[in-house]
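Structure file upload16.cif (mmCIF, C-alpha atoms and all ligand atoms) is printed below.
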data_query
loop_
_atom_site.label_atom_id
_atom_site.label_comp_id
_atom_site.auth_asym_id
_atom_site.auth_seq_id
_atom_site.Cartn_x
_atom_site.Cartn_y
_atom_site.Cartn_z
CA MET A 132 77.60 -67.92 69.05
CA ALA A 133 74.30 -67.90 67.22
CA MET A 134 74.59 -66.78 63.64
CA ALA A 135 71.78 -65.46 61.52
CA ARG A 136 71.92 -67.54 58.37
CA SER A 137 70.32 -66.88 55.10
CA VAL A 138 69.61 -69.20 52.20
CA LYS A 139 68.91 -67.68 48.82
CA LEU A 140 66.11 -69.04 46.67
CA ARG A 141 66.34 -68.05 43.05
CA PRO A 142 63.20 -68.87 41.13
CA ASP A 143 62.22 -67.51 37.74
CA ALA A 144 59.08 -67.89 35.69
CA THR A 145 57.92 -67.15 32.17
CA PRO A 146 54.51 -65.93 30.96
CA GLU A 147 54.03 -69.37 29.36
CA GLY A 148 53.82 -70.92 32.83
CA PHE A 149 57.30 -72.43 32.99
CA VAL A 150 59.02 -72.15 36.33
CA ARG A 151 62.50 -73.04 37.46
CA GLY A 152 64.56 -72.23 40.49
CA TYR A 153 67.34 -73.28 42.74
CA VAL A 154 68.49 -72.92 46.32
CA ASP A 155 71.97 -71.52 46.91
CA GLU A 156 72.58 -73.86 49.78
CA PRO A 157 70.47 -77.00 49.37
CA HIS A 158 71.94 -78.90 52.32
CA VAL A 159 70.78 -76.75 55.23
CA ASN A 160 69.74 -79.09 58.00
CA LEU A 161 67.69 -77.60 60.82
CA PRO A 162 65.68 -79.24 63.56
CA LEU A 163 61.90 -79.27 63.08
CA ASN A 164 60.15 -76.16 64.34
CA ALA A 165 57.86 -75.96 67.39
CA LEU A 166 54.96 -77.28 65.29
CA GLY A 167 56.98 -80.33 64.24
CA LYS A 168 57.29 -79.00 60.70
CA ILE A 169 60.26 -78.24 58.50
CA ASP A 170 61.68 -74.91 59.67
CA VAL A 171 61.44 -72.97 56.40
CA GLY A 172 61.53 -69.61 58.20
CA GLY A 173 64.70 -70.58 60.06
CA GLY A 174 66.33 -71.80 56.86
CA ILE A 175 65.50 -68.71 54.84
CA GLY A 176 66.69 -66.41 57.63
CA GLN A 177 66.83 -62.70 57.00
CA GLY A 178 67.22 -60.54 53.93
CA MET A 179 65.11 -59.16 51.13
CA VAL A 180 62.43 -60.42 48.77
CA SER A 181 63.33 -58.98 45.38
CA VAL A 182 61.18 -59.46 42.30
CA THR A 183 62.40 -58.43 38.86
CA ARG A 184 59.95 -58.27 35.98
CA PHE A 185 61.15 -58.34 32.40
CA THR A 186 58.23 -56.65 30.75
CA GLY A 187 59.76 -55.87 27.37
CA LEU A 188 60.57 -52.32 28.44
CA LYS A 189 64.16 -51.17 28.10
CA ASN A 190 64.95 -51.71 31.76
CA PRO A 191 63.56 -54.49 33.94
CA VAL A 192 61.56 -53.36 36.96
CA THR A 193 62.66 -54.56 40.40
CA GLY A 194 60.69 -54.24 43.62
CA SER A 195 61.76 -55.34 47.09
CA SER A 196 60.56 -55.72 50.63
CA GLU A 197 62.23 -57.00 53.74
CA ILE A 198 61.81 -60.64 54.78
CA THR A 199 59.71 -60.76 57.95
CA ASP A 200 59.84 -64.34 59.10
CA GLY A 201 61.14 -66.38 56.17
CA GLU A 202 57.84 -68.18 55.72
CA ILE A 203 57.66 -67.79 51.97
CA ALA A 204 53.92 -67.29 51.51
CA ASP A 205 53.73 -64.63 54.25
CA ASP A 206 56.70 -62.79 52.86
CA LEU A 207 55.25 -62.84 49.34
CA THR A 208 51.96 -61.48 50.69
CA LYS A 209 53.89 -58.69 52.35
CA TYR A 210 55.95 -58.04 49.23
CA LEU A 211 52.83 -57.70 47.09
CA TYR A 212 51.32 -55.28 49.58
CA VAL A 213 54.40 -53.18 50.33
CA SER A 214 56.06 -53.08 46.94
CA GLU A 215 53.16 -53.45 44.54
CA GLN A 216 50.38 -52.01 46.71
CA THR A 217 48.24 -55.04 45.91
CA PRO A 218 46.39 -56.65 48.82
CA SER A 219 46.74 -60.39 48.30
CA SER A 220 46.50 -63.69 50.03
CA VAL A 221 49.26 -66.17 49.27
CA GLY A 222 49.23 -69.78 50.46
CA LEU A 223 51.89 -72.39 49.84
CA GLY A 224 52.39 -75.93 51.01
CA VAL A 225 54.86 -78.73 50.45
CA LEU A 226 54.43 -82.31 51.60
CA VAL A 227 57.51 -84.34 52.36
CA ASN A 228 57.75 -88.00 53.29
CA GLN A 229 59.86 -89.52 56.06
CA GLU A 230 62.92 -89.42 53.80
CA PHE A 231 62.34 -85.69 53.20
CA GLN A 232 61.46 -86.24 49.57
CA CYS A 233 58.84 -83.90 48.16
CA ILE A 234 55.66 -85.84 47.45
CA GLY A 235 53.41 -82.93 46.63
CA ALA A 236 53.31 -79.16 46.49
CA GLY A 237 50.73 -76.51 45.78
CA GLY A 238 49.91 -72.88 46.23
CA PHE A 239 47.61 -69.98 45.46
CA ILE A 240 47.55 -66.22 45.15
CA ILE A 241 44.22 -64.43 45.49
CA GLN A 242 43.92 -60.76 44.60
CA PRO A 243 40.63 -58.89 44.62
CA LEU A 244 39.93 -56.63 41.67
CA PRO A 245 39.84 -52.89 42.48
CA ASP A 246 36.01 -52.81 42.41
CA ALA A 247 35.56 -55.75 44.82
CA THR A 248 33.03 -54.86 47.52
CA ASP A 249 33.79 -54.95 51.25
CA GLU A 250 31.19 -57.68 51.56
CA CYS A 251 32.99 -59.80 49.00
CA ILE A 252 36.35 -59.32 50.73
CA ASP A 253 34.86 -60.13 54.15
CA LYS A 254 33.41 -63.33 52.76
CA LEU A 255 36.74 -64.25 51.19
CA GLU A 256 38.59 -63.59 54.45
CA ALA A 257 36.10 -65.75 56.33
CA ASN A 258 36.71 -68.55 53.81
CA LEU A 259 40.48 -68.24 54.18
CA ARG A 260 40.23 -68.48 57.96
CA GLN A 261 38.32 -71.73 57.64
CA VAL A 262 40.24 -73.61 54.98
CA ASN A 263 42.90 -76.13 55.76
CA SER A 264 46.51 -75.56 54.86
CA VAL A 265 47.51 -76.04 51.25
CA SER A 266 49.52 -79.12 52.31
CA HIS A 267 46.33 -80.73 53.55
CA MET A 268 44.54 -79.89 50.33
CA VAL A 269 47.38 -81.44 48.33
CA GLU A 270 47.34 -84.45 50.60
CA ARG A 271 43.66 -84.91 49.86
CA GLY A 272 44.53 -84.97 46.17
CA LEU A 273 42.99 -81.63 45.23
CA ASP A 274 44.25 -80.15 41.97
CA ALA A 275 44.28 -76.42 41.13
CA LYS A 276 40.55 -76.31 40.43
CA GLY A 277 39.88 -78.29 43.59
CA ILE A 278 41.89 -75.81 45.66
CA ILE A 279 40.06 -72.88 44.06
CA ALA A 280 36.68 -74.51 44.79
CA GLU A 281 37.72 -74.93 48.42
CA LEU A 282 38.92 -71.34 48.81
CA LEU A 283 36.01 -69.75 46.98
CA GLN A 284 33.12 -71.61 48.54
CA GLY A 285 29.94 -69.60 48.09
CA PHE A 286 31.34 -67.64 45.12
CA ASP A 287 30.41 -68.00 41.46
CA ILE A 288 33.54 -69.20 39.72
CA HIS A 289 34.21 -68.39 36.06
CA TYR A 290 37.45 -69.47 34.45
CA MET A 291 38.62 -66.73 32.07
CA THR A 292 41.75 -68.62 31.11
CA THR A 293 43.81 -71.51 32.43
CA THR A 294 47.53 -72.19 31.99
CA GLU A 295 49.34 -75.43 32.67
CA LEU A 296 52.37 -74.86 34.87
CA ALA A 297 55.55 -76.88 34.56
CA PHE A 298 59.05 -77.02 35.91
CA LYS A 299 61.11 -76.37 32.81
CA CYS A 300 64.52 -74.93 32.27
CA GLN A 301 65.39 -72.73 29.31
CA CYS A 302 69.02 -73.72 29.24
CA SER A 303 70.55 -75.19 26.11
CA LYS A 304 74.02 -75.70 24.74
CA GLU A 305 73.58 -72.57 22.63
CA ARG A 306 72.70 -70.47 25.67
CA ILE A 307 75.59 -71.82 27.67
CA SER A 308 77.87 -71.08 24.70
CA GLU A 309 76.65 -67.47 24.83
CA VAL A 310 77.63 -67.34 28.50
CA LEU A 311 81.09 -68.69 27.67
CA LEU A 312 81.37 -66.08 24.90
CA SER A 313 80.98 -63.37 27.51
CA LEU A 314 84.04 -64.57 29.44
CA GLY A 315 87.19 -62.52 29.00
CA HIS A 316 89.79 -63.56 26.44
CA LYS A 317 92.13 -64.74 29.15
CA ASP A 318 89.57 -67.10 30.68
CA LEU A 319 88.52 -68.36 27.27
CA GLN A 320 92.12 -68.96 26.30
CA SER A 321 92.68 -71.01 29.42
CA LEU A 322 89.56 -73.11 28.62
CA VAL A 323 90.93 -73.72 25.14
CA ASN A 324 94.26 -74.74 26.68
CA ASP A 325 92.47 -77.15 29.02
CA GLY A 326 90.86 -78.69 25.96
CA HIS A 327 87.68 -79.49 27.84
CA ALA A 328 85.03 -77.66 29.84
CA GLU A 329 82.01 -78.76 31.78
CA VAL A 330 79.24 -76.33 32.66
CA CYS A 331 76.44 -77.32 35.00
CA CYS A 332 73.13 -75.45 34.93
CA HIS A 333 72.23 -74.37 38.48
CA PHE A 334 68.54 -74.55 37.74
CA CYS A 335 68.17 -78.07 36.40
CA ASN A 336 71.58 -79.69 37.04
CA GLU A 337 72.01 -80.46 33.35
CA ASN A 338 75.67 -80.93 32.50
CA TYR A 339 77.02 -79.45 29.28
CA GLN A 340 80.32 -80.70 27.93
CA PHE A 341 82.51 -78.71 25.55
CA ASP A 342 85.44 -80.34 23.79
CA GLY A 343 88.56 -78.58 22.56
CA GLN A 344 87.16 -77.98 19.09
CA GLU A 345 83.98 -76.39 20.41
CA LEU A 346 85.95 -74.21 22.82
CA GLN A 347 88.21 -73.08 20.01
CA ALA A 348 85.14 -72.14 17.95
CA ILE A 349 83.76 -70.14 20.88
CA PHE A 350 87.12 -68.44 21.32
CA ASP A 351 87.27 -67.54 17.61
CA GLU A 352 83.72 -66.19 17.74
CA ALA A 353 84.57 -64.06 20.79
CA MET A 354 87.58 -62.65 18.92
CA LYS A 355 85.43 -61.89 15.89
CA ARG A 356 82.85 -60.10 18.04
CA THR A 357 85.40 -57.82 19.67
CA GLU A 358 86.80 -56.88 16.27
CA VAL A 359 83.42 -55.58 15.10
ZN ZN B 401 68.95 -75.76 33.02
#

Would you kindly transcribe this structure into C-alpha cells?
Ligand SMILES: [Zn+2]
Amino acid sequence: MAMARSVKLRPDATPEGFVRGYVDEPHVNLPLNALGKIDVGGGIGQGMVSVTRFTGLKNPVTGSSEITDGEIADDLTKYLYVSEQTPSSVGLGVLVNQEFQCIGAGGFIIQPLPDATDECIDKLEANLRQVNSVSHMVERGLDAKGIIAELLQGFDIHYMTTTELAFKCQCSKERISEVLLSLGHKDLQSLVNDGHAEVCCHFCNENYQFDGQELQAIFDEAMKRTEV
C-alpha cells in the first residue's frame, strides 16, 4: 500500500537575521526523482505551510496555505501569494556531495513594490526564466550580492541595507530551565527523584544537563511561583 508521508520542517528566524530549524524526521530515505535529484517534494509530502509572525502585538499572526508539491520554494511562493497577497518569486537551492553532505545552500525572495511598472515586472520575469538554478549559482561560488546581480541584470541596484544571516540557536540553560519550570509538579518531582535530567535542543542538538541540586532549585522555584 502506498502511504502519503509527510515530514515537518520547523524553521524560525529573528529580525536580526538568525535562523534555526529542524526536521521532524531527518532520516527519510527516498530514491532520487526523475531528474536525478533529491526528492524534496516526495519527502515533504502533503500538508500545510504555516507562518507565524511575532510582531510584538498581543497575539501572533498565523497565515497558511496548502502544500502543492512539497518543493519548498514553490510552496513559499504560493503561500506569499495566497496568504499574504504578495506576488513573489522564491528560489532555493542546496548542493550535496556524493555522501549527501550539504556543501552549499542559497536562496532568494524577490517582491516588486506596489508601484512597480508592468514593464519592470516583465523584464524581471524574463530574467528569472533565463537564470540558472540557485544550486548552480552557489556552485559557481556566487555570494548573495552575486546572486542578486545575476537575477537583476539590466536593473540599477541600490542596497538600502544589508544583514548578515547566520544559523544560530537562542537556546540556553536559562531558557531550558524555564521550560522545565512549566512542567507539572508531578513531572518535576519525578525529575528531582531521578536526580538527573538531560534536555536536548531540537534545533541545534545542544545537550543540557541538570543535576539533582539544579532540579531541586527548579522544583522550589515552581512551587514558589504557584503560591503567588
Ligand atoms: Zn538550541

Could you build a table of the residues in chain A lying no more than 8 Å from ligand ZN 401 (chain B), giving for each the nearest pair of atoms and their separation in Å rounded to one decimal place, using all atoms listed in the file, ordered by chain and ascending residue number, as a tab-separated table?
residue	atom	partner	partner_atom	distance
A:Lys299	CA	B:ZN401	ZN	7.9
A:Cys300	CA	B:ZN401	ZN	4.6
A:Gln301	CA	B:ZN401	ZN	6.0
A:Cys302	CA	B:ZN401	ZN	4.3
A:Ser303	CA	B:ZN401	ZN	7.1
A:Cys331	CA	B:ZN401	ZN	7.9
A:Cys332	CA	B:ZN401	ZN	4.6
A:His333	CA	B:ZN401	ZN	6.5
A:Phe334	CA	B:ZN401	ZN	4.9
A:Cys335	CA	B:ZN401	ZN	4.2
A:Asn336	CA	B:ZN401	ZN	6.2
A:Glu337	CA	B:ZN401	ZN	5.6

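Between atom CA of A:Gln216 and atom CA of A:Ala275 there is a distance of 25.8 Å.
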
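Minimum distance to A:Val154 across A:Cys251, A:Ile198, A:Ile175, A:Leu166 (counting all atoms listed in the file) occurs at A:Ile175.
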
*Using all atoms listed in the file, determine which residues lie at most 10 Å from stretch 276-287 of chain A, disregarding the query and same-chain residues fewer than 2 positions distant; provide the list as number ranges by chain.*
A: 237-239, 241, 251, 254-263, 265, 268-269, 271-274, 289-290, 293

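Going from atom CA of A:Ser196 to atom CA of A:Tyr210 covers 5.3 Å.
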
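For the choices A:Ala353, A:Gly194, A:Gln344, A:Val180, the atom-to-atom distance to A:Val310 is smallest for A:Ala353 when using only C-alpha atoms.
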
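Atom CA of A:Gly326 is found 8.4 Å from atom CA of A:Phe341.
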
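The closest residue to A:Ile240, picked from A:Glu305, A:Glu358, A:Asp205, A:Asp253 and counting all atoms listed in the file, is A:Asp205.
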
_For a quick check of your reading of the model, name the residues lying within 12 Å of the coordinate (56.6, -56.4, 49.2), counting only C-alpha atoms, and write them as a VMD selection string._
chain A and resid 179 to 182 193 to 199 203 to 219

_Counting all atoms listed in the file, find residues at most 10 Å from (68.7, -75.7, 46.3) (file frame) and give them as an MDAnalysis selection string._
chainID A and resid 138:141 152:159 333:334

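Closest to A:Tyr339 among A:Lys304, A:His327, A:Lys355, A:Lys189 is A:Lys304, based on all atoms listed in the file.
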
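Among the candidates A:Arg306, A:Asn338, A:Phe298, A:Ile169, the one nearest to A:Glu147 when counting all atoms listed in the file is A:Phe298.
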